[in-house]
file target.cif (mmCIF, C-alpha atoms)
data_target
#
loop_
_atom_site.label_atom_id
_atom_site.label_comp_id
_atom_site.auth_asym_id
_atom_site.auth_seq_id
_atom_site.Cartn_x
_atom_site.Cartn_y
_atom_site.Cartn_z
CA MET C 1 -30.52 88.13 2.71
CA PHE C 2 -28.66 85.74 5.04
CA GLU C 3 -25.75 85.50 2.60
CA GLU C 4 -25.41 89.27 2.37
CA LYS C 5 -25.15 89.58 6.17
CA CYS C 6 -22.66 86.71 6.33
CA VAL C 7 -20.38 88.34 3.75
CA ALA C 8 -20.42 91.62 5.71
CA LEU C 9 -19.22 89.87 8.85
CA GLY C 10 -15.67 89.59 7.59
CA ASP C 11 -15.51 93.28 6.71
CA SER C 12 -17.25 94.99 9.63
CA ASP C 13 -17.63 94.86 13.37
CA PHE C 14 -20.73 93.19 14.79
CA PRO C 15 -22.74 96.35 15.64
CA THR C 16 -22.31 97.56 12.05
CA VAL C 17 -23.63 94.26 10.71
CA LEU C 18 -26.49 94.16 13.21
CA ARG C 19 -27.54 97.72 12.40
CA GLN C 20 -28.57 96.57 8.93
CA LEU C 21 -31.60 94.91 10.51
CA LEU C 22 -33.15 98.13 11.79
CA PRO C 23 -34.69 99.16 8.43
CA LEU C 24 -36.32 95.72 8.21
CA MET C 25 -37.95 96.04 11.62
CA ARG C 26 -41.15 97.84 10.83
CA PRO C 27 -44.75 96.73 11.24
CA ARG C 28 -46.16 94.85 8.29
CA GLY C 29 -48.66 96.77 6.21
CA GLY C 30 -47.53 100.09 7.67
CA ASP C 31 -48.42 103.55 6.44
CA ASP C 32 -45.78 103.49 3.69
CA SER C 33 -46.67 100.02 2.41
CA SER C 34 -48.74 101.49 -0.42
CA ALA C 35 -45.95 103.78 -1.63
CA PRO C 36 -44.49 103.08 -5.09
CA GLY C 37 -41.75 100.46 -4.94
CA SER C 38 -42.69 99.30 -1.44
CA ARG C 39 -43.09 95.61 -0.70
CA SER C 40 -46.42 93.92 -0.13
CA LYS C 41 -47.32 92.61 3.30
CA GLU C 42 -46.58 89.06 2.19
CA ASP C 43 -43.05 90.06 1.11
CA GLU C 44 -42.22 91.97 4.29
CA CYS C 45 -40.30 90.32 7.12
CA GLY C 46 -42.57 89.21 9.92
CA PRO C 47 -41.51 88.89 13.57
CA ASP C 48 -40.68 85.18 13.22
CA GLU C 49 -38.36 85.82 10.26
CA LEU C 50 -36.67 88.73 12.05
CA ILE C 51 -36.09 86.61 15.15
CA LEU C 52 -34.64 83.79 13.05
CA LEU C 53 -32.32 86.28 11.34
CA LEU C 54 -31.19 87.57 14.74
CA VAL C 55 -30.38 84.01 15.83
CA TYR C 56 -28.32 83.56 12.68
CA LEU C 57 -26.35 86.77 13.17
CA TYR C 58 -25.71 86.30 16.89
CA SER C 59 -24.48 82.75 16.27
CA LEU C 60 -21.82 84.31 14.02
CA ALA C 61 -21.08 87.34 16.20
CA ASP C 62 -17.54 86.18 17.04
CA GLU C 63 -16.73 85.99 13.32
CA ALA C 64 -17.07 89.76 12.86
CA GLN C 65 -14.08 92.06 12.69
CA PRO C 66 -12.86 92.99 16.18
CA ALA C 67 -13.16 96.59 17.28
CA ASP C 68 -12.24 98.55 20.39
CA GLN C 69 -13.87 96.45 23.10
CA GLY C 70 -15.13 99.28 25.28
CA SER C 71 -16.65 101.35 22.51
CA GLU C 72 -18.08 98.27 20.75
CA GLU C 73 -19.85 97.06 23.89
CA GLU C 74 -21.33 100.50 24.48
CA GLU C 75 -22.43 100.76 20.86
CA LEU C 76 -23.89 97.25 20.93
CA GLU C 77 -25.89 97.95 24.10
CA LYS C 78 -27.42 101.07 22.54
CA LEU C 79 -28.17 99.23 19.29
CA GLU C 80 -29.81 96.36 21.15
CA ARG C 81 -32.08 98.81 22.95
CA ASP C 82 -33.10 100.21 19.57
CA LEU C 83 -33.71 96.70 18.20
CA ILE C 84 -35.75 95.73 21.26
CA GLY C 85 -37.90 98.83 20.84
CA ALA C 86 -38.36 98.25 17.12
CA LEU C 87 -39.26 94.57 17.58
CA THR C 88 -41.67 95.46 20.37
CA LEU C 89 -43.49 97.79 17.98
CA VAL C 90 -43.52 95.15 15.23
CA ILE C 91 -45.01 92.52 17.55
CA THR C 92 -47.67 94.76 19.08
CA ARG C 93 -48.86 95.76 15.58
CA GLU C 94 -49.44 92.14 14.51
CA THR C 95 -53.08 91.28 13.88
CA GLU C 96 -52.43 87.63 14.76
CA LEU C 97 -49.77 86.09 16.98
CA SER C 98 -47.79 83.15 15.61
CA PRO C 99 -47.21 80.11 17.86
CA LEU C 100 -43.68 81.38 18.54
CA LEU C 101 -44.91 84.83 19.59
CA GLN C 102 -47.58 83.26 21.77
CA LYS C 103 -44.94 81.27 23.63
CA LEU C 104 -42.53 84.22 23.83
CA THR C 105 -45.08 86.66 25.23
CA GLY C 106 -47.42 84.30 27.05
CA CYS C 107 -50.38 85.79 25.17
CA ALA C 108 -52.80 83.84 23.01
CA ASN C 109 -54.04 86.80 20.96
CA PRO C 110 -53.11 90.44 20.23
CA GLU C 111 -55.82 91.74 22.55
CA GLU C 112 -53.97 90.30 25.56
CA LEU C 113 -50.59 91.62 24.47
CA THR C 114 -49.46 94.88 26.04
CA THR C 115 -46.41 96.90 25.10
CA GLU C 116 -44.85 96.11 28.48
CA ARG C 117 -45.23 92.35 28.03
CA ALA C 118 -43.82 92.47 24.51
CA HIS C 119 -40.88 94.62 25.64
CA THR C 120 -40.07 92.29 28.53
CA ALA C 121 -40.20 89.27 26.21
CA MET C 122 -37.77 90.95 23.80
CA GLU C 123 -35.38 91.86 26.63
CA ASP C 124 -35.33 88.22 27.75
CA MET C 125 -34.79 87.10 24.17
CA PHE C 126 -31.79 89.38 23.68
CA GLU C 127 -30.26 88.13 26.91
CA THR C 128 -30.33 84.62 25.42
CA LEU C 129 -28.93 85.93 22.13
CA ARG C 130 -25.96 87.44 23.96
CA GLY C 131 -25.24 84.04 25.46
CA LEU C 132 -25.54 82.45 22.03
CA SER C 133 -22.85 84.79 20.69
CA HIS C 134 -20.35 83.25 23.16
CA SER C 135 -21.33 79.61 22.68
CA ARG C 136 -17.98 78.63 21.10
CA ASP C 137 -15.71 80.76 23.28
CA HIS C 138 -14.51 77.76 25.32
CA LEU C 139 -13.30 75.84 22.26
CA LYS C 140 -9.63 75.98 21.33
CA GLN C 141 -9.67 74.83 17.71
CA LEU C 142 -13.27 74.42 16.54
CA ASN C 143 -14.31 77.92 17.58
CA SER C 144 -15.01 79.34 14.12
CA VAL C 145 -17.50 78.36 11.44
CA TYR C 146 -16.77 81.19 9.03
CA THR C 147 -13.85 81.94 6.74
CA ALA C 148 -13.75 85.53 5.55
CA SER C 149 -13.16 86.51 1.94
CA ASP C 150 -9.54 87.31 1.11
CA GLY C 151 -10.25 89.18 -2.11
CA VAL C 152 -9.66 86.08 -4.21
CA HIS C 153 -11.85 83.48 -2.55
CA GLN C 154 -15.41 84.02 -1.43
CA ALA C 155 -16.39 83.87 2.21
CA THR C 156 -17.32 80.34 3.20
CA TYR C 157 -19.35 78.74 5.96
CA ARG C 158 -17.81 75.66 7.61
CA PRO C 159 -20.47 73.83 9.63
CA PHE C 160 -19.41 72.73 13.08
CA LEU C 161 -20.40 69.11 12.45
CA ARG C 162 -18.26 69.06 9.31
CA GLN C 163 -15.23 70.22 11.27
CA VAL C 164 -15.77 67.62 14.00
CA LEU C 165 -16.06 64.73 11.54
CA GLU C 166 -13.12 65.93 9.44
CA GLU C 167 -11.01 65.86 12.59
CA VAL C 168 -12.27 62.39 13.49
CA PHE C 169 -11.54 60.93 10.03
CA HIS C 170 -8.38 62.89 9.25
CA PRO C 171 -5.77 60.47 7.85
CA ASN C 172 -3.03 61.96 10.04
CA ARG C 173 -5.08 61.25 13.17
CA HIS C 174 -4.52 64.66 14.72
CA GLU C 175 -5.35 65.10 18.38
CA CYS C 176 -7.98 67.80 18.48
CA PRO C 177 -8.03 69.64 21.84
CA ASP C 178 -11.81 69.99 21.59
CA ILE C 179 -12.45 66.24 21.23
CA GLU C 180 -11.69 64.52 24.52
CA HIS C 181 -11.31 60.86 25.34
CA MET C 182 -12.98 60.02 28.64
CA SER C 183 -11.17 57.23 30.44
CA GLY C 184 -13.32 54.30 31.49
CA GLY C 185 -12.10 51.11 33.10
CA LEU C 186 -8.86 50.17 34.84
CA THR C 187 -6.78 49.87 31.66
CA ASP C 188 -7.64 53.37 30.48
CA LEU C 189 -7.03 54.79 33.94
CA LEU C 190 -3.58 53.19 34.03
CA LYS C 191 -2.80 54.64 30.60
CA THR C 192 -3.87 58.06 31.84
CA GLY C 193 -1.54 57.72 34.82
CA PHE C 194 1.40 56.56 32.72
CA SER C 195 0.86 59.44 30.30
CA MET C 196 2.05 61.78 33.05
CA PHE C 197 5.53 60.23 32.79
CA MET C 198 5.74 58.97 29.22
CA LYS C 199 4.06 59.46 25.88
CA VAL C 200 1.07 57.14 25.66
CA SER C 201 -1.12 57.13 22.56
CA ARG C 202 -4.73 57.81 23.34
CA PRO C 203 -7.59 56.00 21.64
CA HIS C 204 -8.82 57.78 18.53
CA PRO C 205 -12.50 57.87 17.50
CA SER C 206 -11.66 56.51 14.04
CA ASP C 207 -10.14 53.36 15.61
CA ASN C 208 -13.61 51.95 16.08
CA PRO C 209 -15.55 50.30 13.24
CA VAL C 210 -18.73 52.00 14.44
CA LEU C 211 -18.87 55.67 15.43
CA LEU C 212 -21.79 56.79 17.58
CA LEU C 213 -22.53 60.49 17.09
CA PHE C 214 -25.07 62.03 19.46
CA VAL C 215 -26.21 65.58 18.69
CA VAL C 216 -27.79 67.25 21.70
CA GLY C 217 -30.65 69.64 20.92
CA GLY C 218 -31.55 68.26 17.52
CA VAL C 219 -30.22 67.59 14.05
CA THR C 220 -31.51 68.88 10.71
CA PRO C 221 -32.01 66.82 7.52
CA SER C 222 -29.28 68.87 5.83
CA GLU C 223 -26.87 67.96 8.64
CA LEU C 224 -27.70 64.28 8.17
CA ARG C 225 -26.88 64.60 4.47
CA LEU C 226 -23.67 66.41 5.38
CA ILE C 227 -22.62 63.61 7.74
CA LYS C 228 -23.24 61.01 5.04
CA GLU C 229 -21.20 62.98 2.49
CA ILE C 230 -18.24 63.45 4.84
CA VAL C 231 -18.12 59.78 5.85
CA THR C 232 -18.35 58.68 2.21
CA THR C 233 -15.55 61.08 1.23
CA HIS C 234 -13.12 60.54 4.10
CA LYS C 235 -13.71 56.97 5.24
CA PRO C 236 -16.02 54.98 2.98
CA GLY C 237 -17.17 51.72 4.47
CA SER C 238 -17.17 52.98 8.05
CA GLN C 239 -20.43 53.03 9.96
CA VAL C 240 -21.68 56.16 11.70
CA LEU C 241 -24.84 56.00 13.79
CA VAL C 242 -26.40 59.43 14.34
CA LEU C 243 -28.65 59.95 17.35
CA SER C 244 -30.27 63.15 18.52
CA THR C 245 -32.99 64.49 20.76
CA ARG C 246 -35.15 65.44 17.77
CA LEU C 247 -35.27 66.05 14.04
CA LEU C 248 -35.14 69.82 13.60
CA ARG C 249 -36.78 72.26 11.25
CA PRO C 250 -35.27 75.76 11.01
CA THR C 251 -38.35 77.21 12.68
CA ASP C 252 -37.81 74.95 15.71
CA ILE C 253 -34.58 76.72 16.65
CA PRO C 254 -36.04 79.99 18.05
CA GLU C 255 -38.60 78.01 20.01
CA LEU C 256 -35.91 75.81 21.57
CA LEU C 257 -33.71 78.81 22.35
CA PHE C 258 -36.28 81.17 23.80
CA THR C 259 -39.29 79.20 25.03
CA THR C 260 -37.83 75.96 26.41
CA GLN C 261 -36.82 75.44 30.02
CA ARG C 262 -33.23 74.37 29.44
CA LEU C 263 -32.87 72.85 32.90
CA GLU C 264 -35.95 70.72 32.23
CA PRO C 265 -35.89 70.21 28.45
CA ASP C 266 -38.82 68.65 26.65
CA ILE C 267 -37.23 65.91 24.56
CA GLY C 268 -40.54 64.39 23.52
CA VAL C 269 -40.24 61.30 25.71
#
call {"tool": "encode", "arguments": {"input": "target.cif", "output": "structure tokens"}}
result
Amino acid sequence: MFEEKCVALGDSDFPTVLRQLLPLMRPRGGDDSSAPGSRSKEDECGPDELILLLVYLYSLADEAQPADQGSEEEELEKLERDLIGALTLVITRETELSPLLQKLTGCANPEELTTERAHTAMEDMFETLRGLSHSRDHLKQLNSVYTASDGVHQATYRPFLRQVLEEVFHPNRHECPDIEHMSGGLTDLLKTGFSMFMKVSRPHPSDNPVLLLFVVGGVTPSELRLIKEIVTTHKPGSQVLVLSTRLLRPTDIPELLFTTQRLEPDIGV
């Protein structure tokens, strides 16, 4: 299902892609669940899966085909209201609240959950999702993780960490505008001053025998494997130490996005 939505991103604007979720947002075990050809309750998307899918789509929102900005924003606002209403109904029909829903709504069981509380929680969640859709806007080069299909090649996903490490270990030692060298010490400060009048080569991350990579927010096992593969391919023998605030599971991501105080993060210390 994720792959189908990702492929559509290169061919449609974001509201069109997002609208495909509406048919999935219905209470599990509804009135039509016994109809011929309908899915069983176990096969239907629950609230947690729908929220995770929303996170995935909003993280790729900038990869969709551009449309008229004014009309797209108006269409997106209306669609988000529909999605909020549909998700509110899905959540209030649950017979048991998952740990994520308990944290999102502040309710320990369905008896405590009112429609108003569920609706407010979904409004807050979509506000965070809108921010997520602009998370790479400030980047100059590494602002895309998706390459659309051109009719010959399939659409491909290029993880952000892959792009960072490929820039670091590129044999031509390109200067990436999104990877900055922070001057520290008198020598570096003098070099920075001289660079205003003459061309001074800046230190490059690959100059060091040991690269320290710190991933804020968490790193997944698949990302650790990816880092190992890239280092082995591009610069075998070099040492990369990966540090992070936590080891992530996919289900941790909605919890970190929507239920964590970002100004006072819980890093498990």
call {"tool": "atom_distance", "arguments": {"input": "target.cif", "atom1": "atom CA of C:Arg173", "atom2": "atom CA of C:Ser59"}}
result
29.1 Å
call {"tool": "residues_near_point", "arguments": {"input": "target.cif", "point": "(-35.5, 85.3, 11.7)", "cutoff": "12 Å", "atoms": "only C-alpha atoms", "output": "ChimeraX atom specification"}}
result
/C:1-2,21,24-25,45-58,87,100,250-255
call {"tool": "resolve_selection", "arguments": {"input": "target.cif", "expression": "the PyMOL selection byres ((chain C and resi 209) around 9)", "output": "tab-separated table (two decimals) with C-alpha atoms, in the frame of the given file"}}
result
chain	number	residue	atom	x	y	z
C	206	SER	CA	-11.66	56.51	14.04
C	207	ASP	CA	-10.14	53.36	15.61
C	208	ASN	CA	-13.61	51.95	16.08
C	210	VAL	CA	-18.73	52.00	14.44
C	211	LEU	CA	-18.87	55.67	15.43
C	238	SER	CA	-17.17	52.98	8.05
C	239	GLN	CA	-20.43	53.03	9.96
C	240	VAL	CA	-21.68	56.16	11.70
call {"tool": "closest_residue", "arguments": {"input": "target.cif", "among": "C:Val242, C:Leu248, C:Pro205, C:Val168", "to": "C:Gly217", "atoms": "all atoms listed in the file"}}
result
C:Leu248
call {"tool": "closest_residue", "arguments": {"input": "target.cif", "among": "C:Lys228, C:Arg81, C:His170, C:Arg162", "to": "C:Ser144", "atoms": "all atoms listed in the file"}}
result
C:Arg162
call {"tool": "closest_residue", "arguments": {"input": "target.cif", "among": "C:Arg117, C:Phe14, C:Phe169, C:Glu96", "to": "C:Pro66", "atoms": "only C-alpha atoms"}}
result
C:Phe14
call {"tool": "residues_near_point", "arguments": {"input": "target.cif", "point": "(-14.1, 62.0, 21.6)", "cutoff": "10 Å", "atoms": "only C-alpha atoms", "output": "list in words"}}
result
Val164, Val168, Glu175, Cys176, Pro177, Asp178, Ile179, Glu180, His181, Met182, Pro203, His204, Pro205, Ser206 and Leu213 of chain C
call {"tool": "closest_residue", "arguments": {"input": "target.cif", "among": "C:Thr114, C:Ser244, C:Met125, C:Arg130", "to": "C:Phe214", "atoms": "all atoms listed in the file"}}
result
C:Ser244
call {"tool": "resolve_selection", "arguments": {"input": "target.cif", "expression": "the PyMOL selection byres ((chain C and resi 118-121) around 8)", "output": "list in words"}}
result
Ile84, Gly85, Thr88, Ile91, Thr92, Leu104, Thr105, Leu113, Thr114, Thr115, Glu116, Arg117, Met122, Glu123, Asp124 and Met125 of chain C
call {"tool": "resolve_selection", "arguments": {"input": "target.cif", "expression": "the PyMOL selection byres ((chain C and resi 227) around 10)", "output": "count of residues only"}}
result
20
call {"tool": "closest_residue", "arguments": {"input": "target.cif", "among": "C:Ala86, C:Leu60, C:Leu142, C:Ala155", "to": "C:Glu167", "atoms": "all atoms listed in the file"}}
result
C:Leu142
call {"tool": "atom_distance", "arguments": {"input": "target.cif", "atom1": "atom CA of C:Leu243", "atom2": "atom CA of C:Gln163"}}
result
18.0 Å
call {"tool": "closest_residue", "arguments": {"input": "target.cif", "among": "C:Arg19, C:Asp62, C:Thr220, C:Thr259", "to": "C:Leu132", "atoms": "all atoms listed in the file"}}
result
C:Asp62
call {"tool": "atom_distance", "arguments": {"input": "target.cif", "atom1": "atom CA of C:Glu73", "atom2": "atom CA of C:Leu101"}}
result
28.2 Å
